[in-house]
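Notes follow the structure.
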Amino acid sequence: MLRSVILAAARSDRVERLVETAPVSRDVVRRYVAGAALDDALHTSRELVSSGLAVSLDYLGEDTTSPEQATTTKQAYLDLLGALSAEGLCPPVEVSIKLSALGQLFDEKLAYQHAREICQAATNAGTTVTVDMEDHTTTDSTLELLMQLRKDFPDTGAVLQAYLRRTEADCRELAGAGSRVRLCKGAYDEPESVAFQAKLDVDRSYVRCLNILMAGEGRPMVATHDPRMVAIAEDRAKWFDRSPDSFEFQMLYGIRPDEQRRLIADGYTMRVYLPYGVQWYGYLMRRLAERPANLAFFLRSLGSRG
Ligand SMILES: Cc1cc2nc3c(=O)[nH]c(=O)nc-3n(C[C@H](O)[C@H](O)[C@H](O)COP(=O)(O)OP(=O)(O)OC[C@H]3O[C@@H](n4cnc5c(N)ncnc54)[C@H](O)[C@@H]3O)c2cc1C
């Protein structure tokens with residue numbers, strides 16, 4: 001219930017203006033976001049990499065409505081990949097993109113062209129791209145564009161959301177050799193017709209999907225903070241005789257850092273999803289919706305200065 005309210009607020013321009021102009025403590029945003037500038041992204045990436053983590057950088061922004069905005073987002077990624085390459089950070093740093101930020105909602109071809117340029121720049125830099133998954137109205141389009149991208153850039157990563165009823169079938173489609181698939185639970189407010197609503201049903205779906213990906217020949221990217229899902233993934237890796245370098249764990253920057261370190265110490269690859277940029281509003285609201293306990297922290301800081 002609270003989750004739906006927060007996600008509804010995330011779509012309200014009025015609430016967005018209110019939150020963005022409130023004296024939000026830097027700490028709230030900084031807890032989940034590297035900072036506003038490219039240099040912030042590079043600085044935090046360097047720190048994470050030096051502590052043994054891999055990184056997927058996300059230039060914040062979504063639901064772009066103009067070609068100019070889409071081009072600006074593409075250029076931000078090209079600049080980012082140039083800088084990562086110059087700094088010797090590729091790999092272990094890759095990028096995550098949102099097709100809606102590249103124009104998908106008004107011109108799919110444009111979004112595809114921009115995504116291609118980003119994939120080419122990533123290849124030149126020696127790293128990869130993962131295509132984030134957004135709300136269910138974009139799933140077909142995103143998977144179609146992903147398949148197009150994979151013709152020339154086969155290591156482009158997909159994201160599948162376990163809360164969608166369709167996802168088990170999508171996992172079967174995408175579990176082939178060389179296929180990088182990030183499995184997450186899903187962060188949007190979806191109707192019952194397409195998505196499981198109860199946490200238990202989402203978790204069960206996650207495990208079924210995990211089984212398919214772990215049994216397959218691709219590279220599962222297990223994106224969850226849920227201790228039970230992490231334990232089941234470790235168990236399945238043993239069951240399916242997977243070496244630790246044939247799959248990876250992923251978590252969001254700022255969430256369960258101790259567990260992130262524990263997984264590295266146990267010999268796993270742990271990739272942190274690290275957003276940066278000024279458009280942090282939608283991202284922050286999804287993180288608050290996932291854990292209403294964070295809301296109290298957030299509301300307290302709305303009233304504080306700095
Ligand atoms: C690397 C990565 C990439 C992602 N990409 C996408 C994407 O492309 N599309 C998409 O829809 N979703 C994406 N997500 C978000 C994902 O779908 C979930 O919304 C999010 O990960 C929370 O689900 P959970 O698996 O952690 O489990 P939950 O059931 O939400 O949480 C389980 C436990 O994890 C801890 N936890 C979870 N969230 C928080 C938090 N915000 N603060 C503190 N502790 C927390 C708590 O201990 C909680 O009890 C991504 C997540 C990750 C980690």
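Ligands are numbered from 1 in the order shown, residues from 1 within each chain, and chains are lettered A, B, ... in the order they appear in the structure tokens.
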Write out as a compact mmCIF listing (two decimals) with all heavy atoms, in the first residue's frame each polymer residue whose atoms come within 12 Å of Gln69 in chain A, counting only C-alpha atoms; drop sequence neighbours fewer than 3 positions from it.
```txt
# COMPACT_ATOMS: atom_id res chain seq x y z
N GLY A 61 18.26 9.40 -15.47
CA GLY A 61 17.31 10.04 -16.39
C GLY A 61 16.43 8.96 -16.97
O GLY A 61 16.85 7.81 -17.10
N GLU A 62 15.17 9.30 -17.24
CA GLU A 62 14.24 8.32 -17.81
C GLU A 62 13.08 9.09 -18.42
O GLU A 62 12.93 10.29 -18.20
CB GLU A 62 13.76 7.33 -16.76
CG GLU A 62 13.22 7.98 -15.50
CD GLU A 62 13.21 7.04 -14.30
OE1 GLU A 62 12.23 6.34 -14.12
OE2 GLU A 62 14.20 7.02 -13.54
N ASP A 63 12.26 8.39 -19.19
CA ASP A 63 11.06 8.98 -19.80
C ASP A 63 11.34 10.29 -20.53
O ASP A 63 10.64 11.29 -20.38
CB ASP A 63 9.99 9.22 -18.72
CG ASP A 63 9.54 7.90 -18.08
OD1 ASP A 63 9.91 6.84 -18.62
OD2 ASP A 63 8.85 7.94 -17.05
N THR A 64 12.40 10.27 -21.32
CA THR A 64 12.77 11.44 -22.12
C THR A 64 11.68 11.75 -23.14
O THR A 64 11.14 10.84 -23.76
CB THR A 64 14.10 11.13 -22.84
OG1 THR A 64 15.10 11.04 -21.84
CG2 THR A 64 14.47 12.20 -23.84
N THR A 65 11.37 13.04 -23.30
CA THR A 65 10.28 13.39 -24.22
C THR A 65 10.75 14.18 -25.44
O THR A 65 9.95 14.50 -26.30
CB THR A 65 9.22 14.25 -23.49
OG1 THR A 65 9.89 15.35 -22.87
CG2 THR A 65 8.46 13.43 -22.44
N SER A 66 12.03 14.51 -25.54
CA SER A 66 12.47 15.25 -26.72
C SER A 66 13.75 14.65 -27.31
O SER A 66 14.58 14.10 -26.56
CB SER A 66 12.73 16.72 -26.36
OG SER A 66 13.95 16.83 -25.66
N THR A 72 21.40 14.33 -25.58
CA THR A 72 22.23 14.74 -24.43
C THR A 72 22.59 13.52 -23.58
O THR A 72 23.73 13.36 -23.13
CB THR A 72 21.46 15.77 -23.55
OG1 THR A 72 21.10 16.87 -24.38
CG2 THR A 72 22.27 16.25 -22.39
N THR A 73 21.60 12.63 -23.36
CA THR A 73 21.86 11.41 -22.58
C THR A 73 22.89 10.53 -23.28
O THR A 73 23.83 10.04 -22.66
CB THR A 73 20.55 10.63 -22.36
OG1 THR A 73 19.64 11.47 -21.65
CG2 THR A 73 20.78 9.36 -21.57
N LYS A 74 22.70 10.35 -24.59
CA LYS A 74 23.67 9.53 -25.33
C LYS A 74 25.07 10.12 -25.18
O LYS A 74 26.03 9.41 -24.88
CB LYS A 74 23.30 9.47 -26.82
CG LYS A 74 24.34 8.73 -27.63
CD LYS A 74 24.23 8.97 -29.10
CE LYS A 74 24.59 10.39 -29.45
NZ LYS A 74 24.46 10.67 -30.88
N GLN A 75 25.17 11.44 -25.36
CA GLN A 75 26.49 12.08 -25.28
C GLN A 75 27.11 11.90 -23.90
O GLN A 75 28.32 11.69 -23.78
CB GLN A 75 26.36 13.57 -25.64
CG GLN A 75 27.71 14.24 -25.90
CD GLN A 75 28.54 13.53 -26.98
OE1 GLN A 75 28.02 13.23 -28.07
NE2 GLN A 75 29.80 13.22 -26.69
N ALA A 76 26.26 11.95 -22.87
CA ALA A 76 26.78 11.75 -21.51
C ALA A 76 27.43 10.36 -21.39
O ALA A 76 28.49 10.20 -20.77
CB ALA A 76 25.66 11.90 -20.48
N SER A 100 14.26 4.35 -22.34
CA SER A 100 13.32 5.49 -22.30
C SER A 100 14.08 6.81 -22.21
O SER A 100 13.57 7.85 -22.63
CB SER A 100 12.32 5.36 -21.14
OG SER A 100 12.90 5.75 -19.92
N ALA A 101 15.29 6.78 -21.66
CA ALA A 101 16.10 8.00 -21.59
C ALA A 101 16.70 8.34 -22.96
O ALA A 101 17.19 9.44 -23.17
CB ALA A 101 17.20 7.85 -20.56
N LEU A 102 16.67 7.35 -23.86
CA LEU A 102 17.26 7.56 -25.19
C LEU A 102 16.18 7.78 -26.25
O LEU A 102 16.47 7.77 -27.44
CB LEU A 102 18.13 6.34 -25.57
CG LEU A 102 19.33 6.10 -24.63
CD1 LEU A 102 20.01 4.78 -24.96
CD2 LEU A 102 20.34 7.25 -24.75
N GLY A 103 14.92 7.93 -25.81
CA GLY A 103 13.86 8.31 -26.75
C GLY A 103 12.86 7.20 -27.09
O GLY A 103 11.97 7.39 -27.92
N GLN A 104 12.96 6.05 -26.42
CA GLN A 104 12.10 4.89 -26.74
C GLN A 104 10.61 5.23 -26.75
O GLN A 104 9.86 4.67 -27.55
CB GLN A 104 12.37 3.79 -25.70
CG GLN A 104 11.57 2.51 -25.89
CD GLN A 104 11.79 1.56 -24.73
OE1 GLN A 104 12.02 1.99 -23.60
NE2 GLN A 104 11.75 0.27 -24.99
N PHE A 106 8.99 7.88 -27.67
CA PHE A 106 8.44 8.61 -28.82
C PHE A 106 9.08 8.21 -30.15
O PHE A 106 8.54 8.51 -31.21
CB PHE A 106 8.52 10.14 -28.62
CG PHE A 106 9.92 10.65 -28.46
CD1 PHE A 106 10.66 11.05 -29.56
CD2 PHE A 106 10.50 10.73 -27.20
CE1 PHE A 106 11.96 11.53 -29.42
CE2 PHE A 106 11.80 11.20 -27.05
CZ PHE A 106 12.53 11.60 -28.14
N LEU A 110 15.18 5.89 -32.97
CA LEU A 110 16.16 6.84 -32.42
C LEU A 110 16.84 6.22 -31.19
O LEU A 110 18.07 6.26 -31.06
CB LEU A 110 15.47 8.15 -32.04
CG LEU A 110 16.37 9.22 -31.44
CD1 LEU A 110 17.22 9.88 -32.54
CD2 LEU A 110 15.54 10.29 -30.71
N ALA A 111 16.03 5.63 -30.31
CA ALA A 111 16.57 5.01 -29.09
C ALA A 111 17.56 3.91 -29.49
O ALA A 111 18.63 3.77 -28.89
CB ALA A 111 15.45 4.45 -28.23
N HIS A 114 20.84 5.42 -30.78
CA HIS A 114 21.64 5.92 -29.65
C HIS A 114 22.26 4.75 -28.87
O HIS A 114 23.43 4.79 -28.50
CB HIS A 114 20.76 6.75 -28.70
CG HIS A 114 20.43 8.12 -29.23
ND1 HIS A 114 21.23 8.81 -30.11
CD2 HIS A 114 19.39 8.95 -28.95
CE1 HIS A 114 20.69 9.99 -30.38
NE2 HIS A 114 19.57 10.10 -29.69
```
Considering only C-alpha atoms and all ligand atoms, give me a table of residues in chain A that are at most 7 Å from ligand 1, with the closest atom pair and distance in Å for each, as a Markdown table.
```
| residue | atom | partner | partner_atom_place_in_ligand_line | distance |
| --- | --- | --- | --- | --- |
| A:Asp132 | CA | ligand 1 | 8 (O) | 3.5 |
| A:Met133 | CA | ligand 1 | 8 (O) | 4.1 |
| A:Glu134 | CA | ligand 1 | 9 (N) | 5.3 |
| A:Asp135 | CA | ligand 1 | 11 (O) | 6.9 |
| A:Val159 | CA | ligand 1 | 8 (O) | 5.6 |
| A:Gln161 | CA | ligand 1 | 11 (O) | 6.1 |
| A:Cys184 | CA | ligand 1 | 17 (O) | 4.4 |
| A:Lys185 | CA | ligand 1 | 17 (O) | 4.2 |
| A:Gly186 | CA | ligand 1 | 17 (O) | 3.1 |
| A:Ala187 | CA | ligand 1 | 19 (O) | 3.7 |
| A:Tyr188 | CA | ligand 1 | 11 (O) | 5.7 |
| A:Lys199 | CA | ligand 1 | 29 (O) | 6.8 |
| A:Ala223 | CA | ligand 1 | 53 (C) | 4.2 |
| A:Thr224 | CA | ligand 1 | 25 (O) | 3.5 |
| A:His225 | CA | ligand 1 | 26 (O) | 3.6 |
| A:Asp226 | CA | ligand 1 | 32 (C) | 3.7 |
| A:Pro227 | CA | ligand 1 | 33 (C) | 6.5 |
| A:Gln250 | CA | ligand 1 | 1 (C) | 4.5 |
| A:Met251 | CA | ligand 1 | 53 (C) | 3.6 |
| A:Leu252 | CA | ligand 1 | 53 (C) | 4.6 |
| A:Ile255 | CA | ligand 1 | 43 (C) | 5.2 |
| A:Arg256 | CA | ligand 1 | 44 (N) | 6.4 |
| A:Val272 | CA | ligand 1 | 1 (C) | 6.1 |
| A:Tyr273 | CA | ligand 1 | 1 (C) | 4.8 |
| A:Arg287 | CA | ligand 1 | 41 (N) | 4.4 |
| A:Leu288 | CA | ligand 1 | 41 (N) | 5.9 |
| A:Glu290 | CA | ligand 1 | 30 (O) | 5.2 |
| A:Arg291 | CA | ligand 1 | 41 (N) | 5.0 |
| A:Asn294 | CA | ligand 1 | 42 (N) | 6.6 |
```
Quiz prompt | Long-range neighbours of Val33 in chain A as number ranges by chain, 9 Å cut-off, only C-alpha atoms, 4 positions minimum in chain | solution = A: 28-29, 41, 253-254, 274-277, 280, 284
Go ahead and write the residues just picked, N, CA and C atoms, as a compact mmCIF listing (two decimals), in the first residue's frame.
```
# COMPACT_ATOMS: atom_id res chain seq x y z
N VAL A 28 20.96 12.09 2.02
CA VAL A 28 19.92 11.17 1.54
C VAL A 28 20.21 10.75 0.12
N VAL A 29 20.50 11.74 -0.72
CA VAL A 29 20.76 11.44 -2.11
C VAL A 29 22.11 10.72 -2.24
N ALA A 41 31.16 10.36 -10.59
CA ALA A 41 31.00 8.96 -11.01
C ALA A 41 32.37 8.27 -11.09
N TYR A 253 24.23 0.58 -5.18
CA TYR A 253 25.16 1.38 -4.37
C TYR A 253 24.45 1.84 -3.09
N GLY A 254 25.09 1.64 -1.97
CA GLY A 254 24.53 2.13 -0.71
C GLY A 254 23.67 1.12 0.02
N LEU A 274 25.72 1.84 -9.84
CA LEU A 274 26.06 3.16 -9.31
C LEU A 274 25.48 4.27 -10.19
N PRO A 275 24.41 4.92 -9.74
CA PRO A 275 23.84 6.02 -10.53
C PRO A 275 24.56 7.35 -10.25
N TYR A 276 24.55 8.21 -11.25
CA TYR A 276 25.03 9.58 -11.03
C TYR A 276 24.25 10.51 -11.96
N GLY A 277 24.31 11.81 -11.65
CA GLY A 277 23.60 12.78 -12.48
C GLY A 277 22.60 13.56 -11.65
N TRP A 280 17.90 12.55 -10.09
CA TRP A 280 17.88 11.44 -9.14
C TRP A 280 16.48 11.15 -8.61
N LEU A 284 15.42 7.71 -6.68
CA LEU A 284 15.34 7.75 -5.22
C LEU A 284 13.96 7.28 -4.73
```
Quiz prompt | Neighbour list for Ala125 in chain A as a VMD selection string, cut-off 7 Å, only C-alpha atoms, skip fewer than 2 positions in-chain | solution = chain A and resid 81 to 82 85 90 121 to 123 127
Preceding selection exported with C-alpha atoms as a PDB file, in the first residue's frame:
```pdb
ATOM      1  CA  LEU A  81      32.922   5.657 -21.616  1.00  0.00           C
ATOM      2  CA  GLY A  82      35.770   7.796 -23.010  1.00  0.00           C
ATOM      3  CA  SER A  85      38.720   4.003 -20.831  1.00  0.00           C
ATOM      4  CA  CYS A  90      37.221  -0.911 -18.184  1.00  0.00           C
ATOM      5  CA  ALA A 121      31.751   3.108 -27.512  1.00  0.00           C
ATOM      6  CA  ALA A 122      31.649   0.458 -24.766  1.00  0.00           C
ATOM      7  CA  THR A 123      33.221  -2.113 -27.096  1.00  0.00           C
ATOM      8  CA  THR A 127      33.531  -3.021 -21.563  1.00  0.00           C
TER       9      THR A 127
END
```
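Each of A:Glu217, A:Glu94, A:Asp13, A:Glu68 was checked against Arg172 in chain A using only C-alpha atoms; the smallest atom-to-atom distance is that of A:Glu217.
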